[in-house]
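Colleague: Hey, dropping upload.csv in here, CSV, C-alpha atoms:
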```csv
chain,number,residue,atom,x,y,z
A,124,MET,CA,96.0,72.0,-162.1
A,125,ARG,CA,92.6,71.7,-160.5
A,126,SER,CA,94.0,69.5,-157.8
A,127,PHE,CA,96.8,72.0,-157.1
A,128,LEU,CA,94.4,74.9,-156.8
A,129,SER,CA,92.2,72.8,-154.5
A,130,THR,CA,95.2,72.0,-152.3
A,131,VAL,CA,96.3,75.7,-152.1
A,132,SER,CA,92.8,76.8,-151.4
A,133,ALA,CA,92.5,74.3,-148.5
A,134,LEU,CA,95.8,75.4,-147.0
A,135,LEU,CA,94.8,79.0,-147.1
A,136,ILE,CA,91.5,78.3,-145.4
A,137,VAL,CA,93.2,76.3,-142.7
A,138,LEU,CA,95.6,79.2,-142.3
A,139,VAL,CA,92.6,81.4,-141.7
A,140,ALA,CA,91.6,79.3,-138.7
A,141,VAL,CA,95.1,80.0,-137.2
A,142,LEU,CA,95.2,83.7,-138.0
A,143,THR,CA,91.6,84.4,-136.8
A,144,PRO,CA,92.5,84.4,-133.0
A,145,LEU,CA,95.8,86.1,-133.7
A,146,SER,CA,94.0,88.9,-135.6
A,147,ALA,CA,91.5,89.4,-132.7
A,148,LEU,CA,94.5,89.6,-130.3
A,149,ALA,CA,96.3,92.1,-132.5
A,150,VAL,CA,93.3,94.4,-132.6
A,151,TRP,CA,92.9,94.0,-128.8
A,152,VAL,CA,96.5,94.8,-128.2
A,153,ASP,CA,96.4,97.8,-130.5
A,154,GLN,CA,93.0,99.3,-129.6
A,155,GLU,CA,92.6,98.3,-125.9
A,156,ILE,CA,95.9,97.5,-124.2
A,157,GLY,CA,97.8,100.0,-126.3
A,158,ASP,CA,95.4,102.9,-126.0
A,159,THR,CA,95.3,104.7,-122.6
A,160,ASP,CA,91.8,106.0,-122.9
A,161,ASN,CA,90.4,102.7,-124.0
A,162,TYR,CA,92.3,100.9,-121.2
A,163,VAL,CA,91.0,103.3,-118.6
A,164,ALA,CA,87.4,102.9,-120.0
A,165,THR,CA,87.8,99.1,-119.7
A,166,MET,CA,88.9,99.3,-116.1
A,167,GLU,CA,86.4,101.9,-115.1
A,168,PRO,CA,83.5,99.5,-114.3
A,169,LEU,CA,85.7,97.7,-111.8
A,170,ALA,CA,85.3,100.7,-109.5
A,171,SER,CA,81.8,99.4,-108.8
A,172,ASP,CA,82.8,95.7,-108.5
A,173,PRO,CA,82.5,94.5,-104.9
A,174,ARG,CA,85.5,92.2,-105.3
A,175,VAL,CA,87.7,95.1,-106.3
A,176,GLN,CA,86.3,97.4,-103.6
A,177,ASN,CA,86.9,94.7,-101.0
A,178,ALA,CA,90.5,94.1,-102.2
A,179,VAL,CA,91.2,97.8,-102.0
A,180,ALA,CA,89.8,98.1,-98.5
A,181,VAL,CA,91.7,95.0,-97.3
A,182,ARG,CA,94.9,96.2,-98.8
A,183,ILE,CA,94.8,99.6,-97.3
A,184,SER,CA,93.6,98.4,-93.9
A,185,ASP,CA,96.4,95.8,-93.9
A,186,GLU,CA,98.9,98.5,-94.6
A,187,VAL,CA,97.5,100.5,-91.7
A,188,ARG,CA,97.9,97.5,-89.4
A,189,LYS,CA,101.6,97.1,-90.4
A,190,ARG,CA,102.6,100.7,-90.3
A,191,THR,CA,100.7,102.2,-87.4
A,192,ASP,CA,100.9,101.8,-83.6
A,193,ALA,CA,97.6,102.4,-82.0
A,194,GLY,CA,98.2,100.1,-79.1
A,195,PRO,CA,95.0,98.4,-77.8
A,196,PHE,CA,93.0,100.4,-80.4
A,197,GLN,CA,94.9,98.9,-83.3
A,198,GLU,CA,92.2,96.6,-84.5
A,199,GLY,CA,89.6,99.3,-84.1
A,200,VAL,CA,91.5,101.7,-86.2
A,201,GLN,CA,92.1,99.0,-88.9
A,202,SER,CA,88.4,98.2,-88.9
A,203,LEU,CA,87.4,101.9,-89.2
A,204,VAL,CA,89.8,102.4,-92.1
A,205,ARG,CA,88.4,99.3,-93.9
A,206,GLU,CA,84.8,100.5,-93.4
A,207,ALA,CA,85.8,104.0,-94.5
A,208,VAL,CA,87.4,102.7,-97.7
A,209,LEU,CA,84.3,100.6,-98.5
A,210,SER,CA,82.1,103.6,-97.8
A,211,PHE,CA,84.2,105.8,-100.1
A,212,ALA,CA,84.3,103.1,-102.8
A,213,GLY,CA,80.6,103.6,-103.2
A,214,THR,CA,80.9,107.3,-104.2
A,215,ALA,CA,81.4,109.0,-107.5
A,216,ALA,CA,84.6,110.5,-106.2
A,217,PHE,CA,86.1,107.0,-105.9
A,218,LYS,CA,85.4,106.3,-109.5
A,219,GLY,CA,87.3,109.4,-110.5
A,220,VAL,CA,90.2,108.4,-108.3
A,221,TRP,CA,90.1,104.9,-109.7
A,222,ASN,CA,90.3,106.2,-113.3
A,223,THR,CA,93.3,108.4,-112.3
A,224,VAL,CA,95.3,105.6,-110.8
A,225,ASN,CA,94.6,103.3,-113.7
A,226,ARG,CA,95.7,106.0,-116.2
A,227,ALA,CA,98.9,106.2,-114.3
A,228,ALA,CA,99.3,102.4,-114.2
A,229,HIS,CA,98.7,102.0,-118.0
A,230,THR,CA,102.2,103.1,-118.8
A,231,ALA,CA,103.7,100.5,-116.5
A,232,VAL,CA,101.5,97.8,-118.1
A,233,GLU,CA,102.8,98.7,-121.5
A,234,ASP,CA,106.4,98.7,-120.3
A,235,ALA,CA,105.9,95.3,-118.7
A,236,LEU,CA,104.6,93.8,-121.9
A,237,ALA,CA,107.3,95.5,-124.1
A,238,GLU,CA,110.4,95.1,-121.9
A,239,GLY,CA,112.1,92.4,-120.0
A,240,GLY,CA,112.0,93.7,-116.4
A,241,ASP,CA,111.2,91.6,-113.4
A,242,SER,CA,109.3,94.3,-111.6
A,243,ALA,CA,105.6,93.9,-110.7
A,244,VAL,CA,103.0,96.2,-112.2
A,245,SER,CA,100.7,97.6,-109.5
A,246,ILE,CA,98.0,100.2,-108.9
A,247,ASP,CA,99.0,103.0,-106.5
A,248,LEU,CA,96.3,103.4,-104.0
A,249,ALA,CA,97.8,106.5,-102.4
A,250,PRO,CA,95.0,108.9,-103.7
A,251,VAL,CA,92.4,106.6,-102.2
A,252,THR,CA,94.2,106.4,-98.9
A,253,GLN,CA,94.6,110.1,-98.8
A,254,ARG,CA,90.9,110.7,-99.3
A,255,VAL,CA,90.0,108.2,-96.6
A,256,LYS,CA,92.6,109.6,-94.2
A,257,GLN,CA,91.1,113.1,-94.7
A,258,GLN,CA,87.6,111.7,-94.1
A,259,LEU,CA,88.6,110.0,-90.8
A,260,SER,CA,90.5,113.1,-89.7
A,261,ASP,CA,87.4,115.3,-90.3
A,262,GLU,CA,85.4,112.8,-88.1
A,263,GLY,CA,87.9,113.1,-85.3
A,264,VAL,CA,89.1,109.5,-85.4
A,265,PRO,CA,92.3,109.2,-83.2
A,266,PHE,CA,95.7,108.0,-84.6
A,267,VAL,CA,94.7,109.0,-88.1
A,268,ASP,CA,97.9,111.0,-88.5
A,269,GLN,CA,99.8,107.7,-88.4
A,270,ILE,CA,98.0,106.2,-91.4
A,271,PRO,CA,100.6,105.8,-94.2
A,272,VAL,CA,99.6,107.3,-97.6
A,273,GLU,CA,102.5,106.0,-99.7
A,274,HIS,CA,103.5,102.4,-100.6
A,275,THR,CA,100.0,101.1,-100.7
A,276,ARG,CA,99.6,99.2,-103.9
A,277,ILE,CA,97.8,96.3,-105.5
A,278,THR,CA,99.8,94.1,-107.9
A,279,ILE,CA,98.0,93.4,-111.1
A,280,LEU,CA,100.8,91.9,-113.2
A,281,GLU,CA,104.1,90.1,-112.6
A,282,SER,CA,106.2,91.1,-115.6
A,283,GLY,CA,109.0,88.8,-114.8
A,284,LYS,CA,106.7,85.7,-115.3
A,285,LEU,CA,105.3,86.6,-118.7
A,286,GLY,CA,108.1,84.9,-120.8
A,287,THR,CA,107.0,84.1,-124.3
A,288,VAL,CA,103.7,86.0,-123.9
A,289,ARG,CA,105.7,89.3,-123.9
A,290,ASP,CA,107.2,88.3,-127.2
A,291,VAL,CA,103.8,87.5,-128.7
A,292,PHE,CA,102.4,90.9,-127.5
A,293,HIS,CA,105.4,92.6,-129.0
A,294,VAL,CA,104.8,91.0,-132.4
A,295,LEU,CA,101.1,91.6,-132.3
A,296,GLY,CA,101.7,95.3,-131.4
A,297,ILE,CA,103.9,95.6,-134.5
A,298,VAL,CA,101.5,94.0,-136.9
A,299,GLY,CA,98.5,95.8,-135.4
A,300,LEU,CA,95.5,96.2,-137.7
A,301,TRP,CA,97.4,94.8,-140.7
A,302,LEU,CA,97.0,91.2,-139.5
A,303,PRO,CA,93.2,91.1,-139.7
A,304,VAL,CA,93.4,92.8,-143.1
A,305,ALA,CA,95.9,90.1,-144.2
A,306,THR,CA,93.6,87.4,-142.8
A,307,ALA,CA,90.7,88.7,-144.8
A,308,LEU,CA,92.8,88.7,-148.0
A,309,ILE,CA,94.0,85.2,-147.4
A,310,ALA,CA,90.3,84.1,-146.8
A,311,ALA,CA,89.3,85.7,-150.1
A,312,ALA,CA,92.2,84.1,-151.9
A,313,GLY,CA,91.3,80.7,-150.5
A,314,VAL,CA,87.7,81.0,-151.8
A,315,LEU,CA,88.7,82.4,-155.2
A,316,LEU,CA,91.3,79.7,-155.9
A,317,ALA,CA,88.9,76.9,-155.0
A,318,VAL,CA,87.5,74.8,-157.8
A,319,ARG,CA,84.2,74.5,-155.9
A,320,ARG,CA,83.8,77.9,-154.3
A,321,VAL,CA,80.6,77.3,-152.5
A,322,ARG,CA,82.1,74.4,-150.7
A,323,ALA,CA,85.2,76.5,-150.0
A,324,LEU,CA,82.8,78.9,-148.3
A,325,VAL,CA,81.6,76.1,-146.1
A,326,GLY,CA,85.3,75.4,-145.2
A,327,LEU,CA,85.9,79.1,-144.5
A,328,GLY,CA,82.9,79.3,-142.2
A,329,LEU,CA,84.2,76.3,-140.2
A,330,ALA,CA,87.7,77.8,-140.2
A,331,LEU,CA,86.4,81.0,-138.7
A,332,ALA,CA,84.3,79.1,-136.1
A,333,GLY,CA,87.4,77.0,-135.3
A,334,GLY,CA,89.5,80.1,-134.9
A,335,ALA,CA,86.9,81.6,-132.6
A,336,VAL,CA,86.9,78.4,-130.4
A,337,LEU,CA,90.7,78.6,-130.2
A,338,LEU,CA,90.5,82.2,-129.1
A,339,GLY,CA,87.9,81.4,-126.4
A,340,VAL,CA,89.9,78.5,-125.1
A,341,ALA,CA,93.1,80.5,-125.0
A,342,VAL,CA,91.5,83.3,-123.0
A,343,GLY,CA,90.1,80.7,-120.5
A,344,VAL,CA,93.4,78.8,-120.2
A,345,TRP,CA,95.5,82.0,-119.8
A,346,ARG,CA,93.1,83.2,-117.0
A,347,GLY,CA,94.2,80.3,-114.9
A,348,VAL,CA,97.9,80.8,-115.7
A,349,CYS,CA,97.8,84.5,-114.9
A,350,LEU,CA,96.0,84.0,-111.5
A,351,ASP,CA,98.3,81.1,-110.6
A,352,ASP,CA,101.4,83.2,-111.2
A,353,LEU,CA,100.3,86.1,-109.0
A,354,PRO,CA,102.0,86.6,-105.6
A,355,PRO,CA,100.2,84.9,-102.6
A,356,ASP,CA,99.2,88.2,-101.1
A,357,VAL,CA,97.1,89.2,-104.1
A,358,ASP,CA,93.4,89.0,-103.9
A,359,ARG,CA,92.4,86.3,-106.4
A,360,PRO,CA,88.7,87.3,-106.8
A,361,ALA,CA,89.7,90.9,-107.5
A,362,ALA,CA,92.5,89.8,-109.9
A,363,GLY,CA,90.0,87.6,-111.7
A,364,ALA,CA,87.6,90.6,-112.1
A,365,VAL,CA,90.5,92.6,-113.6
A,366,TYR,CA,91.4,89.8,-116.0
A,367,ASP,CA,87.7,89.3,-117.0
A,368,ALA,CA,87.3,93.1,-117.6
A,369,LEU,CA,90.4,93.3,-119.8
A,370,THR,CA,89.5,90.2,-121.9
A,371,ALA,CA,85.8,90.9,-122.2
A,372,THR,CA,86.3,92.2,-125.7
A,373,LEU,CA,88.1,89.1,-126.7
A,374,ARG,CA,85.4,86.8,-125.4
A,375,THR,CA,82.7,88.9,-127.1
A,376,THR,CA,84.7,88.7,-130.4
A,377,ALA,CA,85.0,85.0,-130.1
A,378,TRP,CA,81.3,84.5,-129.8
A,379,TRP,CA,80.5,86.9,-132.7
A,380,VAL,CA,83.1,85.2,-135.0
A,381,LEU,CA,81.8,81.8,-134.0
A,382,ALA,CA,78.2,82.8,-134.8
A,383,ALA,CA,79.3,84.4,-138.1
A,384,GLY,CA,81.4,81.4,-139.1
A,385,LEU,CA,78.7,78.9,-138.4
A,386,ALA,CA,76.1,81.0,-140.2
A,387,LEU,CA,78.4,81.3,-143.3
A,388,ALA,CA,79.1,77.5,-143.3
A,389,LEU,CA,75.3,76.7,-142.9
A,390,ALA,CA,74.3,79.2,-145.6
A,391,ALA,CA,76.9,77.9,-148.1
A,392,TRP,CA,76.0,74.3,-147.3
A,393,LEU,CA,72.3,75.0,-148.0
A,394,VAL,CA,73.2,76.7,-151.3
A,395,ASP,CA,75.5,73.8,-152.3
A,396,ARG,CA,72.8,71.3,-151.4
A,397,ARG,CA,70.2,73.2,-153.5
A,398,ARG,CA,72.5,73.3,-156.4
A,399,THR,CA,73.2,69.6,-156.2
A,400,ARG,CA,69.4,68.9,-156.2
A,401,VAL,CA,68.8,71.1,-159.2
A,402,ALA,CA,71.7,69.4,-161.1
A,403,ARG,CA,70.3,66.0,-160.3
A,404,ALA,CA,66.8,67.0,-161.4
A,405,ALA,CA,68.2,68.4,-164.7
A,406,ARG,CA,70.0,65.1,-165.4
A,407,VAL,CA,66.8,63.2,-164.8
A,408,THR,CA,64.8,65.3,-167.2
```
Show me the file's structure as structure tokens.
Modeller:
Amino acid sequence: MRSFLSTVSALLIVLVAVLTPLSALAVWVDQEIGDTDNYVATMEPLASDPRVQNAVAVRISDEVRKRTDAGPFQEGVQSLVREAVLSFAGTAAFKGVWNTVNRAAHTAVEDALAEGGDSAVSIDLAPVTQRVKQQLSDEGVPFVDQIPVEHTRITILESGKLGTVRDVFHVLGIVGLWLPVATALIAAAGVLLAVRRVRALVGLGLALAGGAVLLGVAVGVWRGVCLDDLPPDVDRPAAGAVYDALTATLRTTAWWVLAAGLALALAAWLVDRRRTRVARAARVT
């Protein structure tokens, strides 16, 4: 019976190592990706990121080059537009517009992760272009009336390339906050069923640390996969900044769980070692 309980306890603790990163992902999907306000708040700091500002400026100026005909002044107009976008990107108004376009894009992100379409998820830069166009018009820049406002977008996600990831997101969205609760119960059961509970706590701490490492590795590996699957015209530094912003919570969680797991394992090991010494001393006397 003792051997059976020890085996069950060990299996439950190993299961905790697997469920720990999944639990973190479930909370992330439910609280950050699935909540519009939290999503916008996560994306908000990117308005001040030079990589994102540059990507927005390049995208809008490239669209101006393709859709306007300013003759010998073409490059000059394109350069003025790019500089105007970069100037506007440093204002508080740009941050407001950035939040607005990301709020609109959030629904498309959810649909891409939930459905099976092949369309790309993009941020509509029309409000930014409109503000820049008005600014240049007020300054009397020629050919401004030809600057296109519509169809200026930045792709942030290729939904047709998500494959199995979409299924995982769907399941995690369903289980939501119940998965971390179940993981905590399994961890408690693993310790309570153990014959030597202090040593089980050592194993639980290592399991949590191992799960944290799995989460950190997964976030790092998937970063490369996401960036490699983006269309060739997408700015990689800006895309990397977006990915890092969206997964910042996961990386922070991984570090905290790793620290907590190692602290638990160390504390339990020290207690077990002290108990062993006391037991040996008692036998000697």
Colleague: Using all atoms listed in the file, which protein or nucleic acid residues come within 9 Å of Gly339 in chain A? Drop anything in the same chain fewer than 6 positions from it, and give the result as a PyMOL selection string.
Modeller: chain A and resi 144+373-374+376-378
Colleague: CA of Trp151 in chain A and CA of Gly334 in chain A, how far apart in Å?
Modeller: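 Separation between CA of Gly334 in chain A and CA of Trp151 in chain A: 15.6 Å.
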Colleague: Write out as a list in words which residues come within 8 Å of Met166 in chain A when counting only C-alpha atoms, dropping same-chain ones fewer than 2 positions away.
Modeller: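 Using only C-alpha atoms, the neighbours found are Tyr162, Val163, Ala164, Pro168, Leu169, Ala170, Asn222, Asn225, Val365, Ala368 and Leu369 of chain A.
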Colleague: As an exercise, work out the distance from CA of Thr275 in chain A to CA of Pro195 in chain A in Å and give it to one decimal place.
Modeller: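 About the pair CA of Thr275 in chain A and CA of Pro195 in chain A: they are 23.6 Å apart.
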Colleague: When distances are computed from all atoms listed in the file, which of A:Gly296, A:Gly326, A:Pro354, A:Gly333 shows the smallest separation from Leu135 in chain A?
Modeller: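 Looking only at the distances to Leu135 in chain A, the closest residue turns out to be A:Gly326.
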Colleague: Which one of A:Ala404, A:Val291, A:Val181, A:Val244 sits closest to Ala149 in chain A if you count only C-alpha atoms?
Modeller: A:Val291
Colleague: With a distance cut-off of 10 Å and all atoms listed in the file, select the neighbouring residues of Gly328 in chain A, excluding the residue or stretch itself and same-chain residues fewer than 2 positions from it, and output the selection as a list in words.
Modeller: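 In the requested form, the answer reads Ile136, Val139, Ala140, Ala310, Arg322, Ala323, Leu324, Val325, Gly326, Ala330, Leu331, Ala332, Gly333, Gly334, Val380, Leu381, Ala382, Ala383, Gly384, Leu385, Ala386, Leu387, Ala388, Leu389, Ala390, Ala391 and Trp392 of chain A.
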Colleague: Go ahead and write the residues just picked, C-alpha atoms, as a PDB file, in the coordinates of the input.
Modeller:
```pdb
ATOM      1  CA  ILE A 136      91.500  78.300-145.400  1.00  0.00           C
ATOM      2  CA  VAL A 139      92.600  81.400-141.700  1.00  0.00           C
ATOM      3  CA  ALA A 140      91.600  79.300-138.700  1.00  0.00           C
ATOM      4  CA  ALA A 310      90.300  84.100-146.800  1.00  0.00           C
ATOM      5  CA  ARG A 322      82.100  74.400-150.700  1.00  0.00           C
ATOM      6  CA  ALA A 323      85.200  76.500-150.000  1.00  0.00           C
ATOM      7  CA  LEU A 324      82.800  78.900-148.300  1.00  0.00           C
ATOM      8  CA  VAL A 325      81.600  76.100-146.100  1.00  0.00           C
ATOM      9  CA  GLY A 326      85.300  75.400-145.200  1.00  0.00           C
ATOM     10  CA  ALA A 330      87.700  77.800-140.200  1.00  0.00           C
ATOM     11  CA  LEU A 331      86.400  81.000-138.700  1.00  0.00           C
ATOM     12  CA  ALA A 332      84.300  79.100-136.100  1.00  0.00           C
ATOM     13  CA  GLY A 333      87.400  77.000-135.300  1.00  0.00           C
ATOM     14  CA  GLY A 334      89.500  80.100-134.900  1.00  0.00           C
ATOM     15  CA  VAL A 380      83.100  85.200-135.000  1.00  0.00           C
ATOM     16  CA  LEU A 381      81.800  81.800-134.000  1.00  0.00           C
ATOM     17  CA  ALA A 382      78.200  82.800-134.800  1.00  0.00           C
ATOM     18  CA  ALA A 383      79.300  84.400-138.100  1.00  0.00           C
ATOM     19  CA  GLY A 384      81.400  81.400-139.100  1.00  0.00           C
ATOM     20  CA  LEU A 385      78.700  78.900-138.400  1.00  0.00           C
ATOM     21  CA  ALA A 386      76.100  81.000-140.200  1.00  0.00           C
ATOM     22  CA  LEU A 387      78.400  81.300-143.300  1.00  0.00           C
ATOM     23  CA  ALA A 388      79.100  77.500-143.300  1.00  0.00           C
ATOM     24  CA  LEU A 389      75.300  76.700-142.900  1.00  0.00           C
ATOM     25  CA  ALA A 390      74.300  79.200-145.600  1.00  0.00           C
ATOM     26  CA  ALA A 391      76.900  77.900-148.100  1.00  0.00           C
ATOM     27  CA  TRP A 392      76.000  74.300-147.300  1.00  0.00           C
TER      28      TRP A 392
END
```
Colleague: Excluding Ala361 in chain A and residues on its chain fewer than 6 positions from it, collect all residues at most 10 Å away from it, counting all atoms listed in the file, and give them as a VMD selection string.
Modeller: chain A and resid 169 172 to 179 277 279 367
Colleague: Find, counting all atoms listed in the file, the residue in A:Val208, A:Ala216, A:Leu138, A:Ile156 that gets nearest to Ala228 in chain A.
Modeller: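 Nearest candidate to Ala228 in chain A out of A:Val208, A:Ala216, A:Leu138, A:Ile156: A:Ile156.
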Colleague: When distances are computed from all atoms listed in the file, which of A:Val294, A:Leu353, A:Ile246, A:Val264 shows the smallest separation from Gly199 in chain A?
Modeller: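 Of A:Val294, A:Leu353, A:Ile246, A:Val264, the one nearest Gly199 in chain A is A:Val264, counting all atoms listed in the file.
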Colleague: Could you jot down the CA of Glu206 in chain A to CA of Thr278 in chain A separation for me, Å, one decimal place?
Modeller: 21.8 Å
